[in-house]
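Enquirer: Take this structure, written in structure tokens, and hold onto it; I'll ask about it next.
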Amino acid sequence: MALTADGHVVEAMLTAGNVADITVADELTEDVYGCAVAEDMGYDSDAHRAVLRSRNCTPVIPGRRNRKVEIIYDKQIYKLRKRIEIYFGKLKENKRVALRFDKEDATFLTFIALAAIKILLTLKIS
């Protein structure tokens, strides 16, 4: 899921549990231009960083521990990534989403969308 800093969903997709994050990273961020993109170590790839830079984005992704060359990133911007974790926590407050009762992908994504709308409405009210 790609979110703005204020909690609006930019893009969301569902992948299999055994698919690495980096395999869908470029597709997930294809509509993101001209901003800082904070991602976790699962998205650490020189090729992905190059794609982000080609879209005039600043990659804020810490390097993995096994990297030979240390990656320099803005730690202040990276702290905003905690908002993504908070957002996923709010999504998982909905039992149907957290336990994945629905086995059909379309139905599951529909309930994720409903949970996202609920989160958006509570942000607007408070």
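Ligands are numbered from 1 in the order shown, chains are lettered A, B, ... in the order of the structure tokens, and residues start at 1 in each chain.
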As a ChimeraX atom specification, please: all residues of chain A that backbone DSSP puts in strand (DSSP E).
Expert: /A:2-3,9-11,36-38,58-60
Enquirer: For the residues in that selection, give me N, CA and C atoms as a PDB file, in the first residue's frame.
Expert:
```pdb
ATOM      1  N   ALA A   2       0.555   2.198  -0.831  1.00  0.00           N
ATOM      2  CA  ALA A   2       1.270   3.463  -0.873  1.00  0.00           C
ATOM      3  C   ALA A   2       0.365   4.540  -0.289  1.00  0.00           C
ATOM      4  N   LEU A   3       0.894   5.280   0.692  1.00  0.00           N
ATOM      5  CA  LEU A   3       0.125   6.314   1.384  1.00  0.00           C
ATOM      6  C   LEU A   3       0.827   7.651   1.292  1.00  0.00           C
ATOM      7  N   VAL A   9      -4.666   7.010   0.746  1.00  0.00           N
ATOM      8  CA  VAL A   9      -4.168   5.889  -0.037  1.00  0.00           C
ATOM      9  C   VAL A   9      -3.910   6.337  -1.473  1.00  0.00           C
ATOM     10  N   VAL A  10      -2.703   6.085  -1.956  1.00  0.00           N
ATOM     11  CA  VAL A  10      -2.341   6.393  -3.339  1.00  0.00           C
ATOM     12  C   VAL A  10      -2.559   5.158  -4.201  1.00  0.00           C
ATOM     13  N   GLU A  11      -2.092   4.025  -3.718  1.00  0.00           N
ATOM     14  CA  GLU A  11      -2.178   2.775  -4.467  1.00  0.00           C
ATOM     15  C   GLU A  11      -2.193   1.628  -3.476  1.00  0.00           C
ATOM     16  N   ALA A  36       9.404  12.702  -1.651  1.00  0.00           N
ATOM     17  CA  ALA A  36      10.230  11.747  -0.906  1.00  0.00           C
ATOM     18  C   ALA A  36       9.405  10.476  -0.702  1.00  0.00           C
ATOM     19  N   VAL A  37      10.018   9.336  -0.952  1.00  0.00           N
ATOM     20  CA  VAL A  37       9.336   8.050  -0.818  1.00  0.00           C
ATOM     21  C   VAL A  37      10.027   7.268   0.300  1.00  0.00           C
ATOM     22  N   ALA A  38       9.340   7.106   1.435  1.00  0.00           N
ATOM     23  CA  ALA A  38       9.888   6.382   2.580  1.00  0.00           C
ATOM     24  C   ALA A  38       9.396   4.941   2.548  1.00  0.00           C
ATOM     25  N   THR A  58      12.774  11.277  -4.206  1.00  0.00           N
ATOM     26  CA  THR A  58      13.920  11.032  -3.348  1.00  0.00           C
ATOM     27  C   THR A  58      13.673   9.747  -2.566  1.00  0.00           C
ATOM     28  N   PRO A  59      14.431   8.682  -2.835  1.00  0.00           N
ATOM     29  CA  PRO A  59      14.223   7.448  -2.078  1.00  0.00           C
ATOM     30  C   PRO A  59      14.757   7.579  -0.651  1.00  0.00           C
ATOM     31  N   VAL A  60      13.913   7.290   0.314  1.00  0.00           N
ATOM     32  CA  VAL A  60      14.295   7.309   1.730  1.00  0.00           C
ATOM     33  C   VAL A  60      14.149   5.871   2.220  1.00  0.00           C
TER      34      VAL A  60
END
```
Enquirer: Applying 8 Å and only C-alpha atoms, which residues near range 81-95 of chain A remain after dropping the ones on its own chain fewer than 5 positions away? List them as an NGL selection string.
Expert: :A and (3 or 5 or 7 or 38-40 or 100 or 112 or 115-116 or 119)
Enquirer: Which residues are close to Met41 in chain A, i.e. within 10 Å by only C-alpha atoms, leaving aside same-chain residues fewer than 6 positions away? Reply as a list in words.
Expert: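 After dropping sequence-adjacent residues, the list is Asp21, Ile22, Val60, Ile61, Pro62, Gly63, Arg64 and Arg65 of chain A.
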Enquirer: Could you save the residues just selected, with C-alpha atoms, as a compact mmCIF listing (two decimals), in the first residue's frame?
Expert:
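Wrote it out as result-v4.txt, contents follow:
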```txt
# COMPACT_ATOMS: atom_id res chain seq x y z
CA ASP A 21 8.04 -6.72 -1.54
CA ILE A 22 10.64 -5.58 -4.05
CA VAL A 60 14.29 7.31 1.73
CA ILE A 61 15.10 3.64 2.15
CA PRO A 62 17.65 2.30 4.63
CA GLY A 63 20.09 -0.24 3.23
CA ARG A 64 20.05 -3.85 4.29
CA ARG A 65 22.66 -4.98 6.75
```
Enquirer: So how far away is CA of His8 in chain A from CA of Phe111 in chain A, in Å?
Expert: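 These atoms are spaced 16.6 Å apart.
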Enquirer: From a DSSP calculation on the backbone, collect every residue of range 53-92 of chain A in helix (DSSP H, G or I) and output the set as number ranges by chain.
Expert: A: 53-54, 75-91
Enquirer: Rounded to one decimal place, report the CA of Leu109 in chain A-CA of Val97 in chain A distance in Å.
Expert: 8.9 Å
Enquirer: I'd like the contact shell of range 104-107 of chain A - 10 Å cut-off, only C-alpha atoms, skipping same-chain residues fewer than 5 positions apart - returned as a ChimeraX atom specification.
Expert: /A:14-15,112-113
Enquirer: Do you have the CA of Met13 in chain A-CA of Gln76 in chain A distance handy?
Expert: 27.3 Å
Enquirer: Quick one: residues within 12 Å of Ser54 in chain A, only C-alpha atoms counted, chain neighbours fewer than 5 positions away excluded, as a ChimeraX atom specification?
Expert: /A:26,29-30,32-35,47-49,59
